Amino acid sequence: MNFITCKIISICILFFTLVSCTPYQKPLTIGAAPWPNFEFAFLADELGYLDARKYSLLELTSSTSVIQAFQTGKLDLAFLSLDEVLTLVALGIDLKIISVIDRSKGGDAMMAKPHVKSLNDLKWRSIGYENKAAGALLLDEIFTLTDLNNQTVQLFEVKQNEAKDAYLRSNIDALIVREPVKQQLINLGAHELINSNQLSLPIINVLVARGELFQDKELQIADFLRQFYRAHLFYQKRTAEALTSMSVRLQLYPYILENALSNTQFIDAKQALFRLSGSPSSIELQAQQLSGLMIEKRMLGSFKTDISSLISTRILERAIYE
Amino acid sequence: MNKLRSLSLIILLPALLTVIFIVLQGSVLFMEYRQQQANLYIKSEQDLKGLAGQLQTSLSNSLMRLEKSQAQDFVSTAALNENVKTVAVVDNNQQVVLSNRFREKYMFAKLQLQEYQGELLDRVINKNEIIVKLFKDKEELVVYAPLQMISKGNSLNRKFNGVIFIRYSLKSAFSALAYESILRLIKFTLVLIATLCLFVYLINILVVIPLKRFIASVKSIDINNPGLIETSALGEVGLLQRAFVNLIADVSNNTHYLEVREQRWANALNGARDGVWDWNVDSGDVYFSKRWKEMLGFHKENISNDITEWENRVHPDDLYSVFEDLNAHFSGSHSFFENIHRMKCYNGEYRWILSRGQTVSWDTQGNPKRVIGTHTDLSLYKEMLANIKVDNELIEQKSDLPDREQLLLHLEVENTRLYEQRQQGALISFNCDRFKHIAQLPDSNKVNELLYLIARRLEKQNRSTHFVAHIQDFQFAIFIEDIDTDYEQSATIALELTQKLESDLQVPFKVLGEQFIVNCAFGLTLVPSKDLEASTILHQSLKALKVAEQEQEFNIQFFDNSLSKLIN
């Protein structure tokens with residue numbers, strides 16, 4: 001081996017050493033509020049599918065907390081409803097919808113105390129709801145269906161984790177809640193007045209990633225998605241075991257969680273890809289309709305972002321096919 | 001080691017510099033890293049205490065208002081950091097009341113919370129103390145802070161009945177720190193590599209390439225005819241080139257001078273027909289010249305360059321003397337080594353060799369290192385010497401008369417006796433070949449025969465008072481005892497006897513059919529002579545004989561000049 005060959009080899013080794021010296025990467029922070037189908041992320045963690053050095057699952061109490069954490073950059077990935085996503089985009093947050101998790105099939109509902117028999121009985125009564133969350137849509141639907149308005153009912157901001165305490169206090173007559181709180185309130189004697197099935201626009205839950213991380217951590221995010229769907233597969237195959245594990249975290253009985261899950265429609269990876277694909281895609285159309293409604297109801301100021309630019313199928317494709 | 005020495009400076013120097021740099025810079029960065037780790041620990045500890053303080057206030061307010069859900073919100077929000085592994089509230093029954101990990105709520109803290117030490121609970125609650133613990137192996141910090149969870153009504157006495165437990169991982173922070181240090185090292189290394197590349201380039205241009213050209217020209221140089229050598233390099237390399245050119249010129253001159261000298265010596269040695277040997281005493285190797293080998297009948301390839309080739313060929317009888325002379329030289333007794341000995345030839349015969357040599361190099365202990373010498377073939381000389389000896393012995397045997405030694409013994413005795421008895425005697429020395437005609441005869445047999453006949457004729461003249469001896473060649477002597485008591489009368493009688501002897505010898509001799517007439521000269525001296533040795537007396541008569549041989553008129557002479565008148 002002559003001197004020139006030695007030099008070339010040395011330079012190549014140096015080059016590849018430098019190239020392979022990727023900078024230290026913090027673990028990916030993922031946050032979610034309690035919701036039946038989001039639990040598969042925590043189940044994946046519990047089953048050891050997620051490498052603790054790569055992923056940090058943050059357990060948040062309400063959708064508002066998730067929105068705030070995502071907004072302040074403390075979360076890289078967040079499980080949110082589509083209306084919450086639009087709210088964040090309207091605030092100028094750069095994000096990408098990378099998968100569709102589920103559709104609420106009665107999981108969001110207005111729960112009332114036993115003395116409130118119907119929606120019309122709510123007049124002059126107090127209603128608790130989470131302003132930034134999908135519950136606002138349900139409240140708007142109630143106002144549409146009845147002659148109630150914010151002048152005839154007293155509205156209180158009650159976050160998801162506060163709903164149980166609020167219900168137990170005598171000053172709240174009805175609460176707009178999500179699963180699994182809905183099941184907890186049912187156990188406390190509340191009854192359902194209206195749920196998401198009756199909404200003209202469905203409540204869709206999605207997984208979003210921060211825009212600046214989207215490309216840098218594509219592989220890592222794809223792997224997370226793969227493990228998320230793997231945990232769902234585990235639930236499908238070993239439902240009882242999975243329910244027991246998930247219910248411990250939520251401090252529920254497994255059957256309550258099972259009831260909660262029945263009020264949602266889980267969208268598997270391929271269906272999710274189907275909904276994200278196309279021009280315009282199914283999600284894009286739903287988002288456009290939702291944004292229109294939210295602007296109309298003044299839940300959004302203005303929305304000028306091209307919704308198609310918010311959707312990315314690449315990560316989900318990698319998660320499914322690689 | 002030799003491979004390392006033959007490595008190019010282009011590789012060796014940068015490699016050494018890189019190793020030194022990495023060791024030094026690595027040590028500095030490692031120390032910095034450890035210092036930053038310590039600083040990070042202090043900062044993290046302060047941050048954690050601050051977080052604990054904030055939680056003390058917010059959680060206390062929420063819990064005392066029984067707003068547990070809000071308290072949980074505070075806990076979850078406080079844990080919105082990938083390094084905060086656990087934020088939990090533990091009551092005085094060691095039960096987890098709140099936790100960022102919902103799964104741990106309402107569980108026994110000791111079983112659920114990692115690194116939780118239940119025995120610290122009393123200390124934290126009762127002494128109102130914030131405790132920070134570092135788990136070095138896990139690179140984790142744990143903080144225990146007291147928490148007032150229940151309102152005590154109107155009492156102003158603060159009663160702590162819970163603990164805020166925070167587990168904070170320093171792993172990612174340390175990893176980030178390590179990464180930064182490595183990145184800095186890489187940056188420094190890149191700068192070093194760039195510098196080294198420049199250094200290597202300059203070394204190559206200024207040193208290595210000129211040296212390689214120089215080496216190539218040196219390899220192709222003919223020392224007897226030095227061509228052009230590159231001397232255009234800069235600095236010390238140029239100096240080296242010029243110094244080498246000067247050295248080559250000196251070496252060339254010296255080589256030429258040595259060649260002339262060597263040729264002279266070679267010619268001299270060839271003329272003398274001497275062989276040369278050059279012995280390296282330490283290794284036992286000897287250089288034998290062609291002539292050295294030829295002397296013993298060997299060709300160049302028949303004999304190896306080992307000292308045993310010489311030693312094994314020395315005649316066993318001469319070996320001791322050779323070693324003795326050699327040791328005498330090595331010990332300094334003799335400044336030269338010189339020995340005549342026999343050496344075995346290729347055909348098994350022995351030849352006489354004169355070996356001479358001298359030590360030319362000594363070690364620090366004074367032992368010889370190199371000895372150089374010559375071999376001279378003495379075989380012919382020795383043969384001639386042997387022939388001469390044989391001839392002499394033959395001559396003595398042919399005369400068959402007492403020799404010089406016997407004469408001297410007799411003369412010694414008679415000189416004393418005559419002196420004691422006051423008698424006179426005479427010693428007559430004579431040469432039968434006055435003009436050296438007989439000695440020049442080519443036929444030695446005839447000469448020997450003639451000698452024999454002269455001796456027999458002298459014996460016929462012999463009486464009881466006469467002692468006839470053969471001194472050498474054609475010299476004879478007759479000692480006559482008891483002639484007379486008178487000195488002069490004895491001289492007269494001795495002279496008469498001499499004349500009688502001369503007339504006897506003048507009768508021709510017939511040798512192998514040829515006639516010879518001898519022409520004699522006589523030298524006389526009278527005996528006794530007090531205090532004179534026999535050899536002196538003989539010498540007196542021979543001296544008189546020599547005068548007689550040179551005398552034109554008289555062929556008889558007395559040693560005592562006072563008696564010359566008797567001859568006239």
# chains A, B, ... in the order shown; residues from 1 in each chain; ligands from 1
>>> residues_around(residues="A:Glu317", least_positions_apart="3", cutoff="9 Å", atoms="only C-alpha atoms", output="list of chain:residue names")
A:Ala222, A:Ala269, A:Lys270, A:Leu273, A:Thr313, A:Arg314, A:Ile320, A:Tyr321, A:Glu322
>>> interface_residues(of="chain A", to="chain B", cutoff="10 Å", atoms="only C-alpha atoms", output="ChimeraX atom specification")
/A:3,14,17-18,21-31,53,55-62,65-66,68-69,74-75,159-166,245-251
>>> write_last_selection(atoms="C-alpha atoms", output="PDB file, in the first residue's frame")
ATOM      1  CA  PHE A   3       1.589   6.555   0.633  1.00  0.00           C
ATOM      2  CA  LEU A  14     -11.962  11.136   8.850  1.00  0.00           C
ATOM      3  CA  THR A  17     -16.218   9.762  11.244  1.00  0.00           C
ATOM      4  CA  LEU A  18     -17.289  13.379  11.071  1.00  0.00           C
ATOM      5  CA  CYS A  21     -20.840  12.088  14.476  1.00  0.00           C
ATOM      6  CA  THR A  22     -24.450  13.184  14.667  1.00  0.00           C
ATOM      7  CA  PRO A  23     -25.170  15.697  17.405  1.00  0.00           C
ATOM      8  CA  TYR A  24     -26.620  14.626  20.700  1.00  0.00           C
ATOM      9  CA  GLN A  25     -30.406  14.390  20.401  1.00  0.00           C
ATOM     10  CA  LYS A  26     -32.806  14.955  23.236  1.00  0.00           C
ATOM     11  CA  PRO A  27     -35.566  12.409  23.597  1.00  0.00           C
ATOM     12  CA  LEU A  28     -38.743  13.104  21.652  1.00  0.00           C
ATOM     13  CA  THR A  29     -41.380  14.566  24.010  1.00  0.00           C
ATOM     14  CA  ILE A  30     -44.884  13.277  23.412  1.00  0.00           C
ATOM     15  CA  GLY A  31     -47.905  14.546  25.332  1.00  0.00           C
ATOM     16  CA  ARG A  53     -33.571   7.302  25.643  1.00  0.00           C
ATOM     17  CA  TYR A  55     -38.999   8.991  23.799  1.00  0.00           C
ATOM     18  CA  SER A  56     -40.326  10.839  26.809  1.00  0.00           C
ATOM     19  CA  LEU A  57     -44.065  10.436  27.348  1.00  0.00           C
ATOM     20  CA  LEU A  58     -45.574  13.304  29.283  1.00  0.00           C
ATOM     21  CA  GLU A  59     -48.877  12.639  30.953  1.00  0.00           C
ATOM     22  CA  LEU A  60     -51.065  15.730  30.897  1.00  0.00           C
ATOM     23  CA  THR A  61     -54.385  16.219  32.587  1.00  0.00           C
ATOM     24  CA  SER A  62     -56.391  18.031  29.937  1.00  0.00           C
ATOM     25  CA  SER A  65     -52.578  21.523  29.088  1.00  0.00           C
ATOM     26  CA  VAL A  66     -51.545  19.683  25.918  1.00  0.00           C
ATOM     27  CA  GLN A  68     -50.309  24.995  26.108  1.00  0.00           C
ATOM     28  CA  ALA A  69     -47.372  22.590  26.304  1.00  0.00           C
ATOM     29  CA  LYS A  74     -42.397  21.571  25.481  1.00  0.00           C
ATOM     30  CA  LEU A  75     -43.933  18.885  23.318  1.00  0.00           C
ATOM     31  CA  LYS A 159     -60.998  21.409  32.351  1.00  0.00           C
ATOM     32  CA  GLN A 160     -61.161  17.702  31.815  1.00  0.00           C
ATOM     33  CA  ASN A 161     -59.409  16.809  35.042  1.00  0.00           C
ATOM     34  CA  GLU A 162     -61.581  19.219  37.016  1.00  0.00           C
ATOM     35  CA  ALA A 163     -64.873  17.856  35.696  1.00  0.00           C
ATOM     36  CA  LYS A 164     -65.348  15.237  38.396  1.00  0.00           C
ATOM     37  CA  ASP A 165     -64.737  17.713  41.217  1.00  0.00           C
ATOM     38  CA  ALA A 166     -66.977  20.268  39.496  1.00  0.00           C
ATOM     39  CA  SER A 245     -52.726  -2.128  32.164  1.00  0.00           C
ATOM     40  CA  MET A 246     -54.338   0.978  30.676  1.00  0.00           C
ATOM     41  CA  SER A 247     -57.001   1.264  33.378  1.00  0.00           C
ATOM     42  CA  VAL A 248     -54.357   1.338  36.109  1.00  0.00           C
ATOM     43  CA  ARG A 249     -52.939   4.532  34.668  1.00  0.00           C
ATOM     44  CA  LEU A 250     -56.367   6.132  34.360  1.00  0.00           C
ATOM     45  CA  GLN A 251     -57.401   4.942  37.824  1.00  0.00           C
TER      46      GLN A 251
END
>>> atom_distance(atom1="atom CA of B:Lys446", atom2="atom CA of B:Gln552")
28.3 Å
>>> atom_distance(atom1="atom CA of B:Val511", atom2="atom CA of B:Val447")
8.6 Å
>>> select_by_dssp(residues="stretch 187-432 of chain B", states="strand (DSSP E)", output="PDB file with N, CA and C atoms, in the first residue's frame")
ATOM      1  N   GLY B 275      53.272 -14.038   0.948  1.00  0.00           N
ATOM      2  CA  GLY B 275      51.809 -14.073   1.117  1.00  0.00           C
ATOM      3  C   GLY B 275      51.402 -13.167   2.274  1.00  0.00           C
ATOM      4  N   VAL B 276      50.201 -12.662   2.191  1.00  0.00           N
ATOM      5  CA  VAL B 276      49.729 -11.726   3.234  1.00  0.00           C
ATOM      6  C   VAL B 276      48.569 -12.365   3.987  1.00  0.00           C
ATOM      7  N   TRP B 277      48.587 -12.164   5.285  1.00  0.00           N
ATOM      8  CA  TRP B 277      47.426 -12.592   6.092  1.00  0.00           C
ATOM      9  C   TRP B 277      46.977 -11.430   6.974  1.00  0.00           C
ATOM     10  N   ASP B 278      45.634 -11.386   7.183  1.00  0.00           N
ATOM     11  CA  ASP B 278      45.043 -10.291   7.965  1.00  0.00           C
ATOM     12  C   ASP B 278      44.008 -10.932   8.893  1.00  0.00           C
ATOM     13  N   TRP B 279      44.364 -10.975  10.154  1.00  0.00           N
ATOM     14  CA  TRP B 279      43.587 -11.785  11.134  1.00  0.00           C
ATOM     15  C   TRP B 279      42.755 -10.879  12.040  1.00  0.00           C
ATOM     16  N   ASN B 280      41.417 -11.124  12.019  1.00  0.00           N
ATOM     17  CA  ASN B 280      40.526 -10.464  12.987  1.00  0.00           C
ATOM     18  C   ASN B 280      40.409 -11.394  14.190  1.00  0.00           C
ATOM     19  N   ASP B 285      38.216 -14.598  11.858  1.00  0.00           N
ATOM     20  CA  ASP B 285      38.298 -14.545  10.400  1.00  0.00           C
ATOM     21  C   ASP B 285      39.697 -14.071   9.972  1.00  0.00           C
ATOM     22  N   VAL B 286      40.206 -14.676   8.904  1.00  0.00           N
ATOM     23  CA  VAL B 286      41.518 -14.268   8.391  1.00  0.00           C
ATOM     24  C   VAL B 286      41.413 -14.068   6.884  1.00  0.00           C
ATOM     25  N   TYR B 287      42.003 -12.992   6.450  1.00  0.00           N
ATOM     26  CA  TYR B 287      42.123 -12.812   5.008  1.00  0.00           C
ATOM     27  C   TYR B 287      43.464 -13.418   4.591  1.00  0.00           C
ATOM     28  N   PHE B 288      43.421 -14.414   3.671  1.00  0.00           N
ATOM     29  CA  PHE B 288      44.647 -15.001   3.127  1.00  0.00           C
ATOM     30  C   PHE B 288      44.783 -14.543   1.684  1.00  0.00           C
ATOM     31  N   PHE B 337      55.814 -10.262  15.748  1.00  0.00           N
ATOM     32  CA  PHE B 337      55.711 -11.729  15.803  1.00  0.00           C
ATOM     33  C   PHE B 337      56.552 -12.264  14.654  1.00  0.00           C
ATOM     34  N   GLU B 338      57.403 -13.240  14.999  1.00  0.00           N
ATOM     35  CA  GLU B 338      58.244 -13.841  13.953  1.00  0.00           C
ATOM     36  C   GLU B 338      58.494 -15.284  14.336  1.00  0.00           C
ATOM     37  N   ASN B 339      58.210 -16.168  13.400  1.00  0.00           N
ATOM     38  CA  ASN B 339      58.405 -17.593  13.689  1.00  0.00           C
ATOM     39  C   ASN B 339      58.606 -18.347  12.378  1.00  0.00           C
ATOM     40  N   ILE B 340      59.518 -19.326  12.474  1.00  0.00           N
ATOM     41  CA  ILE B 340      59.726 -20.212  11.314  1.00  0.00           C
ATOM     42  C   ILE B 340      59.141 -21.564  11.684  1.00  0.00           C
ATOM     43  N   HIS B 341      58.228 -22.006  10.854  1.00  0.00           N
ATOM     44  CA  HIS B 341      57.585 -23.286  11.161  1.00  0.00           C
ATOM     45  C   HIS B 341      57.213 -23.982   9.850  1.00  0.00           C
ATOM     46  N   ARG B 342      56.807 -25.233  10.041  1.00  0.00           N
ATOM     47  CA  ARG B 342      56.424 -26.011   8.865  1.00  0.00           C
ATOM     48  C   ARG B 342      54.901 -25.977   8.718  1.00  0.00           C
ATOM     49  N   MET B 343      54.465 -25.925   7.455  1.00  0.00           N
ATOM     50  CA  MET B 343      53.024 -25.943   7.204  1.00  0.00           C
ATOM     51  C   MET B 343      52.696 -26.985   6.149  1.00  0.00           C
ATOM     52  N   LYS B 344      51.559 -27.625   6.395  1.00  0.00           N
ATOM     53  CA  LYS B 344      51.163 -28.727   5.520  1.00  0.00           C
ATOM     54  C   LYS B 344      50.569 -28.186   4.218  1.00  0.00           C
ATOM     55  N   TYR B 350      55.204 -30.892   3.747  1.00  0.00           N
ATOM     56  CA  TYR B 350      55.376 -29.714   4.604  1.00  0.00           C
ATOM     57  C   TYR B 350      56.353 -28.742   3.965  1.00  0.00           C
ATOM     58  N   ARG B 351      56.074 -27.462   4.149  1.00  0.00           N
ATOM     59  CA  ARG B 351      56.983 -26.426   3.643  1.00  0.00           C
ATOM     60  C   ARG B 351      57.390 -25.544   4.807  1.00  0.00           C
ATOM     61  N   TRP B 352      58.639 -25.063   4.752  1.00  0.00           N
ATOM     62  CA  TRP B 352      59.120 -24.149   5.800  1.00  0.00           C
ATOM     63  C   TRP B 352      58.628 -22.735   5.496  1.00  0.00           C
ATOM     64  N   ILE B 353      57.982 -22.138   6.504  1.00  0.00           N
ATOM     65  CA  ILE B 353      57.387 -20.807   6.329  1.00  0.00           C
ATOM     66  C   ILE B 353      57.939 -19.869   7.382  1.00  0.00           C
ATOM     67  N   LEU B 354      58.396 -18.705   6.935  1.00  0.00           N
ATOM     68  CA  LEU B 354      58.753 -17.636   7.886  1.00  0.00           C
ATOM     69  C   LEU B 354      57.524 -16.721   8.002  1.00  0.00           C
ATOM     70  N   SER B 355      56.926 -16.750   9.195  1.00  0.00           N
ATOM     71  CA  SER B 355      55.727 -15.929   9.415  1.00  0.00           C
ATOM     72  C   SER B 355      56.112 -14.720  10.250  1.00  0.00           C
ATOM     73  N   ARG B 356      55.767 -13.550   9.731  1.00  0.00           N
ATOM     74  CA  ARG B 356      56.066 -12.308  10.456  1.00  0.00           C
ATOM     75  C   ARG B 356      54.811 -11.434  10.487  1.00  0.00           C
ATOM     76  N   GLY B 357      54.601 -10.803  11.591  1.00  0.00           N
ATOM     77  CA  GLY B 357      53.388  -9.975  11.670  1.00  0.00           C
ATOM     78  C   GLY B 357      53.459  -8.993  12.820  1.00  0.00           C
ATOM     79  N   GLN B 358      52.441  -8.142  12.868  1.00  0.00           N
ATOM     80  CA  GLN B 358      52.368  -7.140  13.945  1.00  0.00           C
ATOM     81  C   GLN B 358      50.901  -6.809  14.211  1.00  0.00           C
ATOM     82  N   THR B 359      50.597  -6.597  15.480  1.00  0.00           N
ATOM     83  CA  THR B 359      49.240  -6.200  15.840  1.00  0.00           C
ATOM     84  C   THR B 359      49.036  -4.734  15.467  1.00  0.00           C
ATOM     85  N   VAL B 360      47.945  -4.468  14.751  1.00  0.00           N
ATOM     86  CA  VAL B 360      47.709  -3.085  14.302  1.00  0.00           C
ATOM     87  C   VAL B 360      46.526  -2.451  15.031  1.00  0.00           C
ATOM     88  N   SER B 361      45.786  -3.278  15.782  1.00  0.00           N
ATOM     89  CA  SER B 361      44.614  -2.714  16.461  1.00  0.00           C
ATOM     90  C   SER B 361      44.400  -3.454  17.773  1.00  0.00           C
ATOM     91  N   TRP B 362      44.135  -2.673  18.819  1.00  0.00           N
ATOM     92  CA  TRP B 362      43.955  -3.236  20.168  1.00  0.00           C
ATOM     93  C   TRP B 362      42.612  -2.767  20.715  1.00  0.00           C
ATOM     94  N   PRO B 368      44.679  -7.863  21.582  1.00  0.00           N
ATOM     95  CA  PRO B 368      44.820  -7.595  20.146  1.00  0.00           C
ATOM     96  C   PRO B 368      43.498  -7.819  19.422  1.00  0.00           C
ATOM     97  N   LYS B 369      43.202  -6.937  18.463  1.00  0.00           N
ATOM     98  CA  LYS B 369      41.981  -7.089  17.673  1.00  0.00           C
ATOM     99  C   LYS B 369      42.296  -7.482  16.238  1.00  0.00           C
ATOM    100  N   ARG B 370      43.361  -6.926  15.737  1.00  0.00           N
ATOM    101  CA  ARG B 370      43.684  -7.197  14.333  1.00  0.00           C
ATOM    102  C   ARG B 370      45.204  -7.334  14.185  1.00  0.00           C
ATOM    103  N   VAL B 371      45.600  -8.409  13.526  1.00  0.00           N
ATOM    104  CA  VAL B 371      47.031  -8.648  13.317  1.00  0.00           C
ATOM    105  C   VAL B 371      47.242  -8.868  11.817  1.00  0.00           C
ATOM    106  N   ILE B 372      48.253  -8.209  11.285  1.00  0.00           N
ATOM    107  CA  ILE B 372      48.541  -8.328   9.849  1.00  0.00           C
ATOM    108  C   ILE B 372      50.004  -8.770   9.685  1.00  0.00           C
ATOM    109  N   GLY B 373      50.235  -9.655   8.720  1.00  0.00           N
ATOM    110  CA  GLY B 373      51.614 -10.100   8.515  1.00  0.00           C
ATOM    111  C   GLY B 373      51.804 -10.778   7.170  1.00  0.00           C
ATOM    112  N   THR B 374      52.999 -11.352   7.035  1.00  0.00           N
ATOM    113  CA  THR B 374      53.339 -11.997   5.757  1.00  0.00           C
ATOM    114  C   THR B 374      53.884 -13.399   6.003  1.00  0.00           C
ATOM    115  N   HIS B 375      53.833 -14.196   4.960  1.00  0.00           N
ATOM    116  CA  HIS B 375      54.456 -15.527   4.964  1.00  0.00           C
ATOM    117  C   HIS B 375      55.516 -15.566   3.870  1.00  0.00           C
ATOM    118  N   THR B 376      56.687 -16.030   4.265  1.00  0.00           N
ATOM    119  CA  THR B 376      57.769 -16.180   3.275  1.00  0.00           C
ATOM    120  C   THR B 376      58.131 -17.661   3.210  1.00  0.00           C
ATOM    121  N   ASP B 377      58.262 -18.158   1.987  1.00  0.00           N
ATOM    122  CA  ASP B 377      58.577 -19.578   1.817  1.00  0.00           C
ATOM    123  C   ASP B 377      60.082 -19.780   1.969  1.00  0.00           C
ATOM    124  N   GLN B 424     109.897 -26.776  25.467  1.00  0.00           N
ATOM    125  CA  GLN B 424     109.315 -25.974  24.401  1.00  0.00           C
ATOM    126  C   GLN B 424     108.616 -26.885  23.397  1.00  0.00           C
ATOM    127  N   GLY B 425     107.516 -26.428  22.878  1.00  0.00           N
ATOM    128  CA  GLY B 425     106.828 -27.124  21.805  1.00  0.00           C
ATOM    129  C   GLY B 425     106.470 -26.113  20.727  1.00  0.00           C
ATOM    130  N   ALA B 426     105.916 -26.615  19.598  1.00  0.00           N
ATOM    131  CA  ALA B 426     105.532 -25.670  18.536  1.00  0.00           C
ATOM    132  C   ALA B 426     104.208 -26.101  17.894  1.00  0.00           C
ATOM    133  N   LEU B 427     103.441 -25.087  17.513  1.00  0.00           N
ATOM    134  CA  LEU B 427     102.201 -25.361  16.776  1.00  0.00           C
ATOM    135  C   LEU B 427     102.359 -24.836  15.359  1.00  0.00           C
ATOM    136  N   ILE B 428     102.250 -25.811  14.368  1.00  0.00           N
ATOM    137  CA  ILE B 428     102.428 -25.430  12.963  1.00  0.00           C
ATOM    138  C   ILE B 428     101.049 -25.521  12.292  1.00  0.00           C
ATOM    139  N   SER B 429     100.514 -24.360  11.873  1.00  0.00           N
ATOM    140  CA  SER B 429      99.262 -24.345  11.089  1.00  0.00           C
ATOM    141  C   SER B 429      99.611 -24.159   9.649  1.00  0.00           C
ATOM    142  N   PHE B 430      98.990 -24.905   8.763  1.00  0.00           N
ATOM    143  CA  PHE B 430      99.324 -24.747   7.348  1.00  0.00           C
ATOM    144  C   PHE B 430      98.079 -24.946   6.477  1.00  0.00           C
ATOM    145  N   ASN B 431      98.140 -24.268   5.340  1.00  0.00           N
ATOM    146  CA  ASN B 431      97.041 -24.356   4.368  1.00  0.00           C
ATOM    147  C   ASN B 431      97.580 -24.988   3.107  1.00  0.00           C
TER     148      ASN B 431
END
>>> select_by_dssp(residues="stretch 110-158 of chain B", states="alpha helix (DSSP H)", output="list in words")
Lys110, Leu111, Gln112, Leu120, Leu121, Asp122, Arg123, Val124, Ile125, Asn126 and Lys127 of chain B
>>> residues_around(residues="B:Lys510", least_positions_apart="6", cutoff="12 Å", atoms="only C-alpha atoms", output="list of chain:residue names")
B:Lys446, B:Val447, B:Glu449, B:Leu450, B:Leu451, B:Tyr452, B:Leu453, B:Ile454, B:Phe516, B:Ile517, B:Val518
>>> write_last_selection(atoms="N, CA and C atoms", output="PDB file, in the first residue's frame")
ATOM      1  N   LYS B 446      86.501 -35.290  -5.992  1.00  0.00           N
ATOM      2  CA  LYS B 446      87.977 -35.209  -6.178  1.00  0.00           C
ATOM      3  C   LYS B 446      88.604 -34.442  -5.030  1.00  0.00           C
ATOM      4  N   VAL B 447      87.912 -33.375  -4.617  1.00  0.00           N
ATOM      5  CA  VAL B 447      88.440 -32.537  -3.517  1.00  0.00           C
ATOM      6  C   VAL B 447      88.493 -33.374  -2.249  1.00  0.00           C
ATOM      7  N   GLU B 449      88.573 -36.539  -1.928  1.00  0.00           N
ATOM      8  CA  GLU B 449      89.598 -37.595  -2.053  1.00  0.00           C
ATOM      9  C   GLU B 449      91.003 -37.030  -1.794  1.00  0.00           C
ATOM     10  N   LEU B 450      91.223 -35.823  -2.313  1.00  0.00           N
ATOM     11  CA  LEU B 450      92.533 -35.170  -2.135  1.00  0.00           C
ATOM     12  C   LEU B 450      92.796 -34.897  -0.658  1.00  0.00           C
ATOM     13  N   LEU B 451      91.728 -34.412   0.000  1.00  0.00           N
ATOM     14  CA  LEU B 451      91.850 -34.140   1.430  1.00  0.00           C
ATOM     15  C   LEU B 451      92.231 -35.414   2.193  1.00  0.00           C
ATOM     16  N   TYR B 452      91.560 -36.450   1.809  1.00  0.00           N
ATOM     17  CA  TYR B 452      91.824 -37.744   2.463  1.00  0.00           C
ATOM     18  C   TYR B 452      93.287 -38.160   2.292  1.00  0.00           C
ATOM     19  N   LEU B 453      93.786 -37.975   1.082  1.00  0.00           N
ATOM     20  CA  LEU B 453      95.176 -38.382   0.799  1.00  0.00           C
ATOM     21  C   LEU B 453      96.175 -37.504   1.558  1.00  0.00           C
ATOM     22  N   ILE B 454      95.913 -36.207   1.652  1.00  0.00           N
ATOM     23  CA  ILE B 454      96.800 -35.296   2.407  1.00  0.00           C
ATOM     24  C   ILE B 454      96.868 -35.752   3.870  1.00  0.00           C
ATOM     25  N   PHE B 516      97.667 -33.957  -8.606  1.00  0.00           N
ATOM     26  CA  PHE B 516      97.535 -32.641  -7.951  1.00  0.00           C
ATOM     27  C   PHE B 516      98.791 -32.326  -7.183  1.00  0.00           C
ATOM     28  N   ILE B 517      99.274 -31.102  -7.334  1.00  0.00           N
ATOM     29  CA  ILE B 517     100.423 -30.627  -6.540  1.00  0.00           C
ATOM     30  C   ILE B 517      99.899 -29.524  -5.660  1.00  0.00           C
ATOM     31  N   VAL B 518     100.084 -29.732  -4.317  1.00  0.00           N
ATOM     32  CA  VAL B 518      99.534 -28.732  -3.390  1.00  0.00           C
ATOM     33  C   VAL B 518     100.607 -27.701  -3.077  1.00  0.00           C
TER      34      VAL B 518
END
>>> atom_distance(atom1="atom CA of A:Glu284", atom2="atom CA of A:Leu77")
19.8 Å
>>> residues_around(residues="stretch 122-131 of chain B", least_positions_apart="6", cutoff="12 Å", atoms="only C-alpha atoms", output="ChimeraX atom specification")
/B:45-46,48-53,56,90-94,116,141-149,158-167
